[in-house]
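Enquirer: Please read through the structure below; I'll follow up with questions.
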Amino acid sequence: MSPPHLKHLGLWPLGAVALVTALALLGLPYVLSTYHLGLVVQMMIFALFAMSLDLLIGYGGMPSLGHAAYFGISAYTTALLALRLNLNAWLALPAGLLLAALTAVLFGLLALRTRGSYFLMITLALSQVVWGIAFGWRSLTGGDDGLPDVPRPTLGLHLPWSLTDSTPFYYFTLLLIAFAAFLLVGLVGSPFGYALRGIRESETRMLALGYNVWRYKLAAFVLAAVFAGLAGSLYAYYNRFVSPDYLHVTRSAEVLLMVILGGAGTLIGPAFGAVLIVLLENVISAYTERWLLLLGIIYVAVSLFAPSGLFGLLRYFLRWRATP
Amino acid sequence: MMNDLLEMSPTAMLSVQDIHTYYRDSYILQGVTLDVDVGQVVGLLGRNGVGKTTLARSILGLTPARQGRILFKGNDITRLPAHTIARMGVGLVPQGRHVFRSLTVREHLQVTARAGGHWNFEEVIGLFPNLRSRLRSLSGMLSGGEQQMLAAGRALVGNPALLVMDEPTEGLAPLIVRELGRTIERLKRAGTSILLIEQQLAFALRYADVIYIMNKGRIVHRCTSGELRADAEIKARYLGV
Amino acid sequence: MSALVINNVSRNFGGVQAVSNVSLSVDTGERRLMIGPNGAGKTTLFNMFSGALAVSSGSVILFDRDITRLPAYARARMGLARTFQITNLFPRLTVLENLLLALLAVEDEVHSLYRPVRASHSTTQHAKRLLNQWDLGAIAGKVAKEISYGQQRQIDLVLALASRPKVILLDEPTAGLSAAEVIRVVGMIRTLPRDITILMIEHDMDVAFDLADRVSVLHQGRLIAEGDVEAIRNHPQVREIYLGVDDE
């Protein structure tokens, strides 16, 4: 539902902002260096990853500390299929998403019996199991050496560009992520999205109204995993390398921080949070190795001063401006 | 009439003087003035949403007034923290119960107990005998009406000099409502002052000495309960009956 | 035909026997009032009707179908709606969104993943119409936890009625309402069509006796009396344990 205070701004500025952003994104390869373009690719990937977690946390009220599991499983699946079997992207990518979805069904059956802190702990534990498998099964995954030399996606079409080059890959990622974002926005505005919010607010009321709450929660869990998986596979293609880091709890914590920093329950907030964190990470790591320390400090600061995230602050500011 | 009320009566236990209270962006109390004398039961009536609960919260320091003064036993309590106000002898029976869900009934009545008055554990159980069989139950497991009784008992056991009751009869069986009414009379005789916020007109008329009516964040009428009983026009205008 | 029948239903919590061997039968279209002292087990019984709570023993039958093991949401889909004694809204959603959820539940497209709700004019218009019917249109855009307590109680009731249920359980519908609001709510309940069956827990005896066809009285988890309003009003045990003796 459109926040009432945005109506005070009118629809035009919103449309204008969207148009400018779209044009900017399309034109970036002409103004940025390869390195900076790569940064933008990372930002987009993590924006999708964060939005997928927002579906679970912000809309569904199911806080998960194990979301990296689906990011990583899809990444490994796509990488392995591309590397070992030379499968093109039409097969390798969906296969990753499928594995992510199946894992989510399994984990959902286990975790969705619980709620709140227990749910948080179980999702954490399950994702650590997956990490452990990736770390230990050297023959398949390469262990902590990882999988190097993952080829860029091949599409089996005879195009004049190769996705090995940074600009075509940028547009490839932009297209997929824009499409995924579009799907997510549609999803949260649909009856399903509303039902998720209702579940977040009062499960008992939803049951009394006739909703099969458990089924909705499982569906949300799986959908969130699929979008996270897409982000993961794209990241594998981008880096041309996959390692257990994709699955580690710090990855889950990082994406959780992006959601909280941006503002859970807004979709755009977490996307913005991701952009900010990727930016900070790349700038800071030029100066120091203590990236995790900084992450922790940011988390504490946000929790204390802006618990609804940056977009929560923006909303408050707009509302304050709008009242006479 | 308003100017008379602004001079604090020497027998006033509570004197609310032209307070203005905001809640987030909303301007709720727009200049409220009222007095509760020692040993007096003051009824506060009005439609839902006019600010009765906000007034209770301002008195207790939960939603402090931004302008104006509140005096309790002569002391300015307008900006004191809520726990200080409570310790000074103001008790609250909040609307909607709000019991401590993880405490047992017995623990509830122990936690807020204060010596120095008639009310102790046994007295409260005597007033609400239904609670005796539930002493070891977690408060969250009680029925709505039992929680209401517990909330009232919790306030009583602190032996307050001023008791603010926000719709205390809600959800109570008629028998218990009668008992509550008798308790209010007993409290009055013992010198406790009571601010009674009520929707049940009959209950308010029966036990209150003075009645204030609120509308849209202001006091719009003040009279005795006898006068209100006879005044159909005021009842229709502000209470919709 | 009976709308709702329960046979020898009991419920215990650990050592506490909340409801013991209660059997009753409510006809279609009947207005059945349930009274009893606080803690008698009335809401527990309602919870067993709606499926929020399982029975310890006994059976629950809705329109000749045994629903004892059926989960709450399935009973709701059969046309059983309820309100809650402690207001149960969606606190951070607006009043309109609260109502949309109630209406979407009965539409076939509730499983739709993509149909945007805002564009669904018919549902949104329906929600607005319902609110206006109750004179609550002004608060449609307000967030549920910020409206007054009395308004919350009313929305609680509107949510239950939105899905046009066949059986509705009202748990103290007038508690917390001002005199004017009580009149309005009672008026609405009275205008509900006679093909809807109503079970109601109430403590406001003026309202309760006025609306009821028959009354069931619960005391310490047992059914101690049942009959029409006059019979119950004058029943000596009921007067002793619940109504009190009239001294006004």
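Chain labels A, B, ... are given in the sequence in which chains occur in the structure tokens; within each chain residues are numbered consecutively from 1, and ligands are likewise numbered from 1 in the order shown.
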Give me the chain B side of the contact with chain A, cut-off 12 Å, one line per residue showing its nearest atom pair and distance in Å at one decimal, counting only C-alpha atoms, sorted by chain and residue number, as JSON lines.

Expert:
{"residue": "B:Arg24", "atom": "CA", "partner": "A:Trp320", "partner_atom": "CA", "distance": 10.1}
{"residue": "B:Asp25", "atom": "CA", "partner": "A:Thr323", "partner_atom": "CA", "distance": 7.8}
{"residue": "B:Ser26", "atom": "CA", "partner": "A:Thr323", "partner_atom": "CA", "distance": 9.8}
{"residue": "B:Tyr27", "atom": "CA", "partner": "A:Thr323", "partner_atom": "CA", "distance": 11.7}

Enquirer: Once you have the residues from the selection above, write them out as a JSON list (two decimals), in the first residue's frame, restricted to C-alpha atoms.

Expert:
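Ended up saving to out-v7.json:
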[["chain", "number", "residue", "atom", "x", "y", "z"],
["B", 24, "ARG", "CA", 3.24, 11.30, 18.17],
["B", 25, "ASP", "CA", 1.80, 13.75, 15.67],
["B", 26, "SER", "CA", -1.65, 14.00, 17.21],
["B", 27, "TYR", "CA", -2.81, 16.80, 19.46]]

Enquirer: Pick out each residue of segment 4-238 of chain B that DSSP on the backbone tags as helix (DSSP H, G or I); I need them as a VMD selection string.

Expert: chain B and resid 4 to 6 52 to 60 82 to 87 105 to 111 121 to 127 129 to 134 139 to 141 144 to 156 174 to 189 201 to 207 225 to 230 232 to 238

Enquirer: Find the residues near Ala173 of chain B: any atom within 8 Å, counting only C-alpha atoms, skip ones fewer than 4 places away on the same chain, and give them as a list in words.

Expert: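 Listed by chain and then number, they are Gly145 and Val177 of chain B; Gly36, Pro37, Asn38, His203, Tyr242 and Leu243 of chain C.
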
Enquirer: Please identify every residue of chain B that has at least one atom no more than 7 Å from any atom of chain C, counting only C-alpha atoms, and report them as a ChimeraX atom specification.

Expert: /B:47-49,143-146,170-175,199,239-241

Enquirer: Take the selection from the previous step and output its residues with N, CA and C atoms, as a short mmCIF file (atom, residue, chain, number, x, y, z; two decimals), in the first residue's frame.

Expert:
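Result went into out_29.cif, see below:
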data_model
loop_
_atom_site.label_atom_id
_atom_site.label_comp_id
_atom_site.auth_asym_id
_atom_site.auth_seq_id
_atom_site.Cartn_x
_atom_site.Cartn_y
_atom_site.Cartn_z
N ARG B 47 -17.18 9.99 24.72
CA ARG B 47 -17.12 8.96 23.69
C ARG B 47 -15.71 8.39 23.57
N ASN B 48 -15.59 7.32 22.84
CA ASN B 48 -14.27 6.75 22.58
C ASN B 48 -13.45 7.67 21.71
N GLY B 49 -12.18 7.82 22.05
CA GLY B 49 -11.31 8.62 21.22
C GLY B 49 -11.22 10.09 21.62
N SER B 143 -8.53 -15.84 32.31
CA SER B 143 -9.53 -15.32 31.39
C SER B 143 -9.48 -13.80 31.44
N GLY B 144 -10.12 -13.19 30.46
CA GLY B 144 -10.11 -11.73 30.38
C GLY B 144 -10.64 -11.07 31.65
N GLY B 145 -11.75 -11.58 32.14
CA GLY B 145 -12.35 -10.99 33.33
C GLY B 145 -11.46 -11.18 34.55
N GLU B 146 -10.82 -12.35 34.64
CA GLU B 146 -9.91 -12.59 35.77
C GLU B 146 -8.72 -11.63 35.70
N GLU B 170 -14.97 -3.35 32.58
CA GLU B 170 -15.03 -4.00 31.28
C GLU B 170 -14.82 -5.50 31.39
N GLY B 171 -15.72 -6.25 30.88
CA GLY B 171 -15.55 -7.70 30.85
C GLY B 171 -15.84 -8.39 32.17
N LEU B 172 -16.37 -7.68 33.14
CA LEU B 172 -16.62 -8.33 34.42
C LEU B 172 -18.07 -8.77 34.55
N ALA B 173 -18.27 -9.93 35.17
CA ALA B 173 -19.62 -10.44 35.39
C ALA B 173 -20.39 -9.47 36.29
N PRO B 174 -21.69 -9.37 36.11
CA PRO B 174 -22.49 -8.40 36.88
C PRO B 174 -22.27 -8.49 38.39
N LEU B 175 -22.11 -9.70 38.87
CA LEU B 175 -21.88 -9.88 40.30
C LEU B 175 -20.60 -9.18 40.75
N GLN B 199 -17.39 3.77 30.70
CA GLN B 199 -18.37 3.81 29.63
C GLN B 199 -19.74 3.44 30.14
N LEU B 239 -22.74 11.94 24.97
CA LEU B 239 -22.57 10.51 25.19
C LEU B 239 -23.36 9.67 24.19
N GLY B 240 -24.23 10.35 23.47
CA GLY B 240 -24.97 9.63 22.44
C GLY B 240 -26.05 8.71 22.97
N VAL B 241 -26.54 9.01 24.18
CA VAL B 241 -27.61 8.14 24.70
C VAL B 241 -28.90 8.92 24.87
#

Enquirer: Find the spatial neighbours of segment 93-106 of chain C, counting only C-alpha atoms, within a cut-off of 10 Å - ignore same-chain residues fewer than 5 positions away - and output them as a PDB file with N, CA and C atoms, in the first residue's frame.

Expert:
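Below is the file selection21.pdb, written as the result:
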ATOM      1  N   MET A   1       0.853  -1.197   0.000  1.00  0.00           N
ATOM      2  CA  MET A   1       0.000   0.000   0.000  1.00  0.00           C
ATOM      3  C   MET A   1       0.878   1.231   0.000  1.00  0.00           C
ATOM      4  N   PRO A 191      -2.102 -10.306  -3.308  1.00  0.00           N
ATOM      5  CA  PRO A 191      -2.747 -10.878  -2.130  1.00  0.00           C
ATOM      6  C   PRO A 191      -1.809 -11.745  -1.301  1.00  0.00           C
ATOM      7  N   PHE A 192      -0.882 -12.418  -1.976  1.00  0.00           N
ATOM      8  CA  PHE A 192       0.087 -13.230  -1.238  1.00  0.00           C
ATOM      9  C   PHE A 192       0.943 -12.351  -0.330  1.00  0.00           C
ATOM     10  N   TYR A 194       0.212  -9.437   0.881  1.00  0.00           N
ATOM     11  CA  TYR A 194      -0.609  -8.939   1.978  1.00  0.00           C
ATOM     12  C   TYR A 194      -0.794 -10.008   3.043  1.00  0.00           C
ATOM     13  N   ALA A 195      -1.018 -11.243   2.571  1.00  0.00           N
ATOM     14  CA  ALA A 195      -1.196 -12.337   3.530  1.00  0.00           C
ATOM     15  C   ALA A 195       0.061 -12.505   4.385  1.00  0.00           C
ATOM     16  N   ARG A 197       2.172 -10.212   5.272  1.00  0.00           N
ATOM     17  CA  ARG A 197       2.173  -9.148   6.268  1.00  0.00           C
ATOM     18  C   ARG A 197       1.200  -9.450   7.394  1.00  0.00           C
ATOM     19  N   GLY A 198       0.040  -9.969   7.027  1.00  0.00           N
ATOM     20  CA  GLY A 198      -0.932 -10.351   8.049  1.00  0.00           C
ATOM     21  C   GLY A 198      -0.349 -11.404   8.991  1.00  0.00           C
ATOM     22  N   GLU A 201       1.917  -9.924  11.448  1.00  0.00           N
ATOM     23  CA  GLU A 201       1.252  -9.149  12.496  1.00  0.00           C
ATOM     24  C   GLU A 201       0.479 -10.016  13.484  1.00  0.00           C
ATOM     25  N   ARG A 205      -4.953 -14.424  14.119  1.00  0.00           N
ATOM     26  CA  ARG A 205      -6.040 -13.779  13.388  1.00  0.00           C
ATOM     27  C   ARG A 205      -6.134 -14.323  11.976  1.00  0.00           C
ATOM     28  N   MET A 206      -4.982 -14.538  11.362  1.00  0.00           N
ATOM     29  CA  MET A 206      -4.966 -15.072  10.010  1.00  0.00           C
ATOM     30  C   MET A 206      -5.610 -16.455   9.962  1.00  0.00           C
ATOM     31  N   ALA A 208      -7.844 -17.536  12.021  1.00  0.00           N
ATOM     32  CA  ALA A 208      -9.285 -17.342  12.238  1.00  0.00           C
ATOM     33  C   ALA A 208      -9.974 -16.814  10.984  1.00  0.00           C
ATOM     34  N   LEU A 209      -9.217 -16.158  10.105  1.00  0.00           N
ATOM     35  CA  LEU A 209      -9.816 -15.647   8.873  1.00  0.00           C
ATOM     36  C   LEU A 209      -9.832 -16.695   7.767  1.00  0.00           C
ATOM     37  N   GLY A 210      -9.132 -17.808   7.993  1.00  0.00           N
ATOM     38  CA  GLY A 210      -9.192 -18.882   7.012  1.00  0.00           C
ATOM     39  C   GLY A 210      -7.927 -19.102   6.209  1.00  0.00           C
ATOM     40  N   TYR A 211      -6.817 -18.474   6.606  1.00  0.00           N
ATOM     41  CA  TYR A 211      -5.576 -18.666   5.863  1.00  0.00           C
ATOM     42  C   TYR A 211      -4.808 -19.862   6.418  1.00  0.00           C
ATOM     43  N   ASN A 212      -4.294 -20.701   5.522  1.00  0.00           N
ATOM     44  CA  ASN A 212      -3.428 -21.801   5.929  1.00  0.00           C
ATOM     45  C   ASN A 212      -2.028 -21.223   6.131  1.00  0.00           C
TER      46      ASN A 212
ATOM     47  N   ALA C  76     -12.677 -21.933   9.521  1.00  0.00           N
ATOM     48  CA  ALA C  76     -13.023 -20.592   9.062  1.00  0.00           C
ATOM     49  C   ALA C  76     -13.518 -20.648   7.619  1.00  0.00           C
ATOM     50  N   ARG C  77     -12.874 -21.471   6.823  1.00  0.00           N
ATOM     51  CA  ARG C  77     -13.291 -21.592   5.428  1.00  0.00           C
ATOM     52  C   ARG C  77     -14.663 -22.237   5.295  1.00  0.00           C
ATOM     53  N   GLY C  79     -17.030 -21.335   7.041  1.00  0.00           N
ATOM     54  CA  GLY C  79     -17.986 -20.289   7.356  1.00  0.00           C
ATOM     55  C   GLY C  79     -18.124 -19.975   8.827  1.00  0.00           C
ATOM     56  N   HIS C 111      -4.834 -17.011  -3.478  1.00  0.00           N
ATOM     57  CA  HIS C 111      -3.534 -17.621  -3.711  1.00  0.00           C
ATOM     58  C   HIS C 111      -2.763 -16.891  -4.795  1.00  0.00           C
ATOM     59  N   VAL C 117      -3.047  -5.929  -5.333  1.00  0.00           N
ATOM     60  CA  VAL C 117      -4.235  -5.705  -4.508  1.00  0.00           C
ATOM     61  C   VAL C 117      -4.831  -4.319  -4.721  1.00  0.00           C
ATOM     62  N   ARG C 118      -3.949  -3.350  -4.859  1.00  0.00           N
ATOM     63  CA  ARG C 118      -4.441  -1.982  -4.996  1.00  0.00           C
ATOM     64  C   ARG C 118      -5.280  -1.815  -6.251  1.00  0.00           C
ATOM     65  N   THR C 123     -12.405  -5.290  -4.519  1.00  0.00           N
ATOM     66  CA  THR C 123     -12.141  -5.634  -3.120  1.00  0.00           C
ATOM     67  C   THR C 123     -11.938  -4.386  -2.273  1.00  0.00           C
ATOM     68  N   THR C 124     -11.164  -3.432  -2.813  1.00  0.00           N
ATOM     69  CA  THR C 124     -10.913  -2.210  -2.057  1.00  0.00           C
ATOM     70  C   THR C 124     -12.203  -1.426  -1.851  1.00  0.00           C
ATOM     71  N   GLN C 125     -13.012  -1.358  -2.902  1.00  0.00           N
ATOM     72  CA  GLN C 125     -14.286  -0.635  -2.775  1.00  0.00           C
ATOM     73  C   GLN C 125     -15.183  -1.325  -1.756  1.00  0.00           C
ATOM     74  N   HIS C 126     -15.206  -2.638  -1.809  1.00  0.00           N
ATOM     75  CA  HIS C 126     -16.004  -3.405  -0.854  1.00  0.00           C
ATOM     76  C   HIS C 126     -15.569  -3.098   0.571  1.00  0.00           C
ATOM     77  N   ALA C 127     -14.247  -3.060   0.778  1.00  0.00           N
ATOM     78  CA  ALA C 127     -13.720  -2.771   2.114  1.00  0.00           C
ATOM     79  C   ALA C 127     -14.152  -1.382   2.569  1.00  0.00           C
ATOM     80  N   LYS C 128     -14.043  -0.411   1.667  1.00  0.00           N
ATOM     81  CA  LYS C 128     -14.418   0.952   2.034  1.00  0.00           C
ATOM     82  C   LYS C 128     -15.903   1.037   2.348  1.00  0.00           C
ATOM     83  N   LEU C 130     -17.833  -1.320   3.506  1.00  0.00           N
ATOM     84  CA  LEU C 130     -18.073  -1.922   4.820  1.00  0.00           C
ATOM     85  C   LEU C 130     -17.740  -0.945   5.933  1.00  0.00           C
ATOM     86  N   LEU C 131     -16.621  -0.249   5.784  1.00  0.00           N
ATOM     87  CA  LEU C 131     -16.225   0.704   6.820  1.00  0.00           C
ATOM     88  C   LEU C 131     -17.238   1.838   6.925  1.00  0.00           C
ATOM     89  N   LEU C 136     -17.128   4.107  10.057  1.00  0.00           N
ATOM     90  CA  LEU C 136     -15.717   4.056  10.421  1.00  0.00           C
ATOM     91  C   LEU C 136     -14.842   4.443   9.227  1.00  0.00           C
ATOM     92  N   GLY C 137     -15.451   4.987   8.187  1.00  0.00           N
ATOM     93  CA  GLY C 137     -14.700   5.339   6.985  1.00  0.00           C
ATOM     94  C   GLY C 137     -13.553   6.300   7.256  1.00  0.00           C
ATOM     95  N   ALA C 138     -13.735   7.157   8.246  1.00  0.00           N
ATOM     96  CA  ALA C 138     -12.710   8.185   8.512  1.00  0.00           C
ATOM     97  C   ALA C 138     -11.389   7.595   8.966  1.00  0.00           C
ATOM     98  N   ILE C 139     -11.417   6.401   9.552  1.00  0.00           N
ATOM     99  CA  ILE C 139     -10.158   5.862  10.064  1.00  0.00           C
ATOM    100  C   ILE C 139      -9.534   4.821   9.143  1.00  0.00           C
ATOM    101  N   ALA C 140     -10.050   4.724   7.931  1.00  0.00           N
ATOM    102  CA  ALA C 140      -9.574   3.685   7.006  1.00  0.00           C
ATOM    103  C   ALA C 140      -8.060   3.714   6.823  1.00  0.00           C
ATOM    104  N   GLY C 141      -7.494   4.923   6.777  1.00  0.00           N
ATOM    105  CA  GLY C 141      -6.066   5.035   6.506  1.00  0.00           C
ATOM    106  C   GLY C 141      -5.200   5.008   7.749  1.00  0.00           C
ATOM    107  N   LYS C 142      -5.844   4.904   8.917  1.00  0.00           N
ATOM    108  CA  LYS C 142      -5.049   4.945  10.138  1.00  0.00           C
ATOM    109  C   LYS C 142      -4.502   3.563  10.472  1.00  0.00           C
ATOM    110  N   VAL C 143      -3.338   3.570  11.075  1.00  0.00           N
ATOM    111  CA  VAL C 143      -2.705   2.322  11.476  1.00  0.00           C
ATOM    112  C   VAL C 143      -3.463   1.749  12.676  1.00  0.00           C
ATOM    113  N   ALA C 144      -3.730   0.457  12.653  1.00  0.00           N
ATOM    114  CA  ALA C 144      -4.630  -0.151  13.636  1.00  0.00           C
ATOM    115  C   ALA C 144      -4.231   0.079  15.077  1.00  0.00           C
ATOM    116  N   LYS C 145      -2.930   0.073  15.371  1.00  0.00           N
ATOM    117  CA  LYS C 145      -2.573   0.215  16.778  1.00  0.00           C
ATOM    118  C   LYS C 145      -2.731   1.643  17.264  1.00  0.00           C
ATOM    119  N   GLU C 146      -3.010   2.584  16.346  1.00  0.00           N
ATOM    120  CA  GLU C 146      -3.135   3.971  16.778  1.00  0.00           C
ATOM    121  C   GLU C 146      -4.575   4.457  16.891  1.00  0.00           C
ATOM    122  N   ILE C 147      -5.539   3.603  16.563  1.00  0.00           N
ATOM    123  CA  ILE C 147      -6.919   4.061  16.754  1.00  0.00           C
ATOM    124  C   ILE C 147      -7.324   3.765  18.193  1.00  0.00           C
ATOM    125  N   GLN C 152     -10.950  -0.055  17.932  1.00  0.00           N
ATOM    126  CA  GLN C 152     -10.326  -1.347  17.686  1.00  0.00           C
ATOM    127  C   GLN C 152     -11.320  -2.481  17.891  1.00  0.00           C
ATOM    128  N   ILE C 155     -13.585  -2.657  14.890  1.00  0.00           N
ATOM    129  CA  ILE C 155     -12.923  -3.219  13.711  1.00  0.00           C
ATOM    130  C   ILE C 155     -12.802  -4.732  13.861  1.00  0.00           C
ATOM    131  N   ASP C 156     -12.533  -5.183  15.092  1.00  0.00           N
ATOM    132  CA  ASP C 156     -12.455  -6.609  15.391  1.00  0.00           C
ATOM    133  C   ASP C 156     -13.737  -7.297  14.921  1.00  0.00           C
ATOM    134  N   VAL C 158     -15.996  -6.010  12.690  1.00  0.00           N
ATOM    135  CA  VAL C 158     -16.154  -5.869  11.243  1.00  0.00           C
ATOM    136  C   VAL C 158     -15.343  -6.931  10.502  1.00  0.00           C
ATOM    137  N   LEU C 159     -14.139  -7.225  11.015  1.00  0.00           N
ATOM    138  CA  LEU C 159     -13.303  -8.252  10.389  1.00  0.00           C
ATOM    139  C   LEU C 159     -14.015  -9.601  10.374  1.00  0.00           C
ATOM    140  N   ALA C 160     -14.676  -9.910  11.477  1.00  0.00           N
ATOM    141  CA  ALA C 160     -15.360 -11.204  11.552  1.00  0.00           C
ATOM    142  C   ALA C 160     -16.556 -11.250  10.618  1.00  0.00           C
ATOM    143  N   LEU C 161     -17.223 -10.122  10.451  1.00  0.00           N
ATOM    144  CA  LEU C 161     -18.423 -10.108   9.614  1.00  0.00           C
ATOM    145  C   LEU C 161     -18.103  -9.995   8.130  1.00  0.00           C
ATOM    146  N   ALA C 162     -16.888  -9.530   7.819  1.00  0.00           N
ATOM    147  CA  ALA C 162     -16.546  -9.234   6.431  1.00  0.00           C
ATOM    148  C   ALA C 162     -16.697 -10.436   5.511  1.00  0.00           C
ATOM    149  N   SER C 163     -16.414 -11.616   6.027  1.00  0.00           N
ATOM    150  CA  SER C 163     -16.414 -12.778   5.151  1.00  0.00           C
ATOM    151  C   SER C 163     -17.795 -13.412   5.012  1.00  0.00           C
ATOM    152  N   ARG C 164     -18.825 -12.702   5.481  1.00  0.00           N
ATOM    153  CA  ARG C 164     -20.199 -13.223   5.435  1.00  0.00           C
ATOM    154  C   ARG C 164     -20.268 -14.659   5.940  1.00  0.00           C
ATOM    155  N   PRO C 165     -19.966 -14.838   7.213  1.00  0.00           N
ATOM    156  CA  PRO C 165     -19.903 -16.185   7.764  1.00  0.00           C
ATOM    157  C   PRO C 165     -21.289 -16.786   7.982  1.00  0.00           C
TER     158      PRO C 165
END

Enquirer: Can you pull out the residues contacting Ile77 of chain B? Cut-off 12 Å, using only C-alpha atoms, and skip same-chain residues under 5 positions away; I want them as a PyMOL selection string.

Expert: chain B and resi 14-17+58-62+64-65+68-72+82-90

Enquirer: Keeping only C-alpha atoms, write the selected residues as an mmCIF file, in the first residue's frame.

Expert:
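Contents of part38.cif, freshly written:
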data_model
loop_
_atom_site.group_PDB
_atom_site.id
_atom_site.type_symbol
_atom_site.label_atom_id
_atom_site.label_comp_id
_atom_site.auth_asym_id
_atom_site.auth_seq_id
_atom_site.Cartn_x
_atom_site.Cartn_y
_atom_site.Cartn_z
ATOM 1 C CA LEU B 14 -5.262 15.987 42.347
ATOM 2 C CA SER B 15 -5.342 19.208 40.366
ATOM 3 C CA VAL B 16 -4.963 19.054 36.603
ATOM 4 C CA GLN B 17 -4.456 22.557 35.253
ATOM 5 C CA SER B 58 -0.626 12.127 31.488
ATOM 6 C CA ILE B 59 -1.458 12.021 35.163
ATOM 7 C CA LEU B 60 0.627 8.885 35.612
ATOM 8 C CA GLY B 61 3.524 10.361 33.649
ATOM 9 C CA LEU B 62 3.320 7.755 30.893
ATOM 10 C CA PRO B 64 3.603 13.531 29.846
ATOM 11 C CA ALA B 65 1.790 16.780 29.190
ATOM 12 C CA GLY B 68 0.131 22.973 31.846
ATOM 13 C CA ARG B 69 0.527 21.616 35.355
ATOM 14 C CA ILE B 70 -0.545 18.589 37.332
ATOM 15 C CA LEU B 71 -0.442 18.815 41.127
ATOM 16 C CA PHE B 72 -0.731 15.822 43.405
ATOM 17 C CA ALA B 82 6.137 7.519 36.002
ATOM 18 C CA HIS B 83 7.690 5.325 38.665
ATOM 19 C CA THR B 84 8.182 8.330 40.932
ATOM 20 C CA ILE B 85 4.568 9.345 40.556
ATOM 21 C CA ALA B 86 3.451 5.806 41.338
ATOM 22 C CA ARG B 87 5.613 5.716 44.466
ATOM 23 C CA MET B 88 4.102 8.969 45.619
ATOM 24 C CA GLY B 89 0.790 7.160 45.878
ATOM 25 C CA VAL B 90 -0.961 7.198 42.524
#

Enquirer: Could you work out how far atom CA of Leu99 of chain A lies from atom CA of Gly132 of chain A, giving the answer in Å with one decimal?

Expert: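 Atom CA of Gly132 of chain A sits 17.2 Å away from atom CA of Leu99 of chain A.
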
Enquirer: I need the residues in segment 24-217 of chain B that are strand (DSSP E) according to DSSP; give them as a count of residues only.

Expert: 45

Enquirer: Would you mind listing what lies within 12 Å of segment 224-227 of chain C as a ChimeraX atom specification, with only C-alpha atoms counted and same-chain residues fewer than 3 positions away left out?

Expert: /C:20-26,32-37,40,209,212-221,230-239,241-242
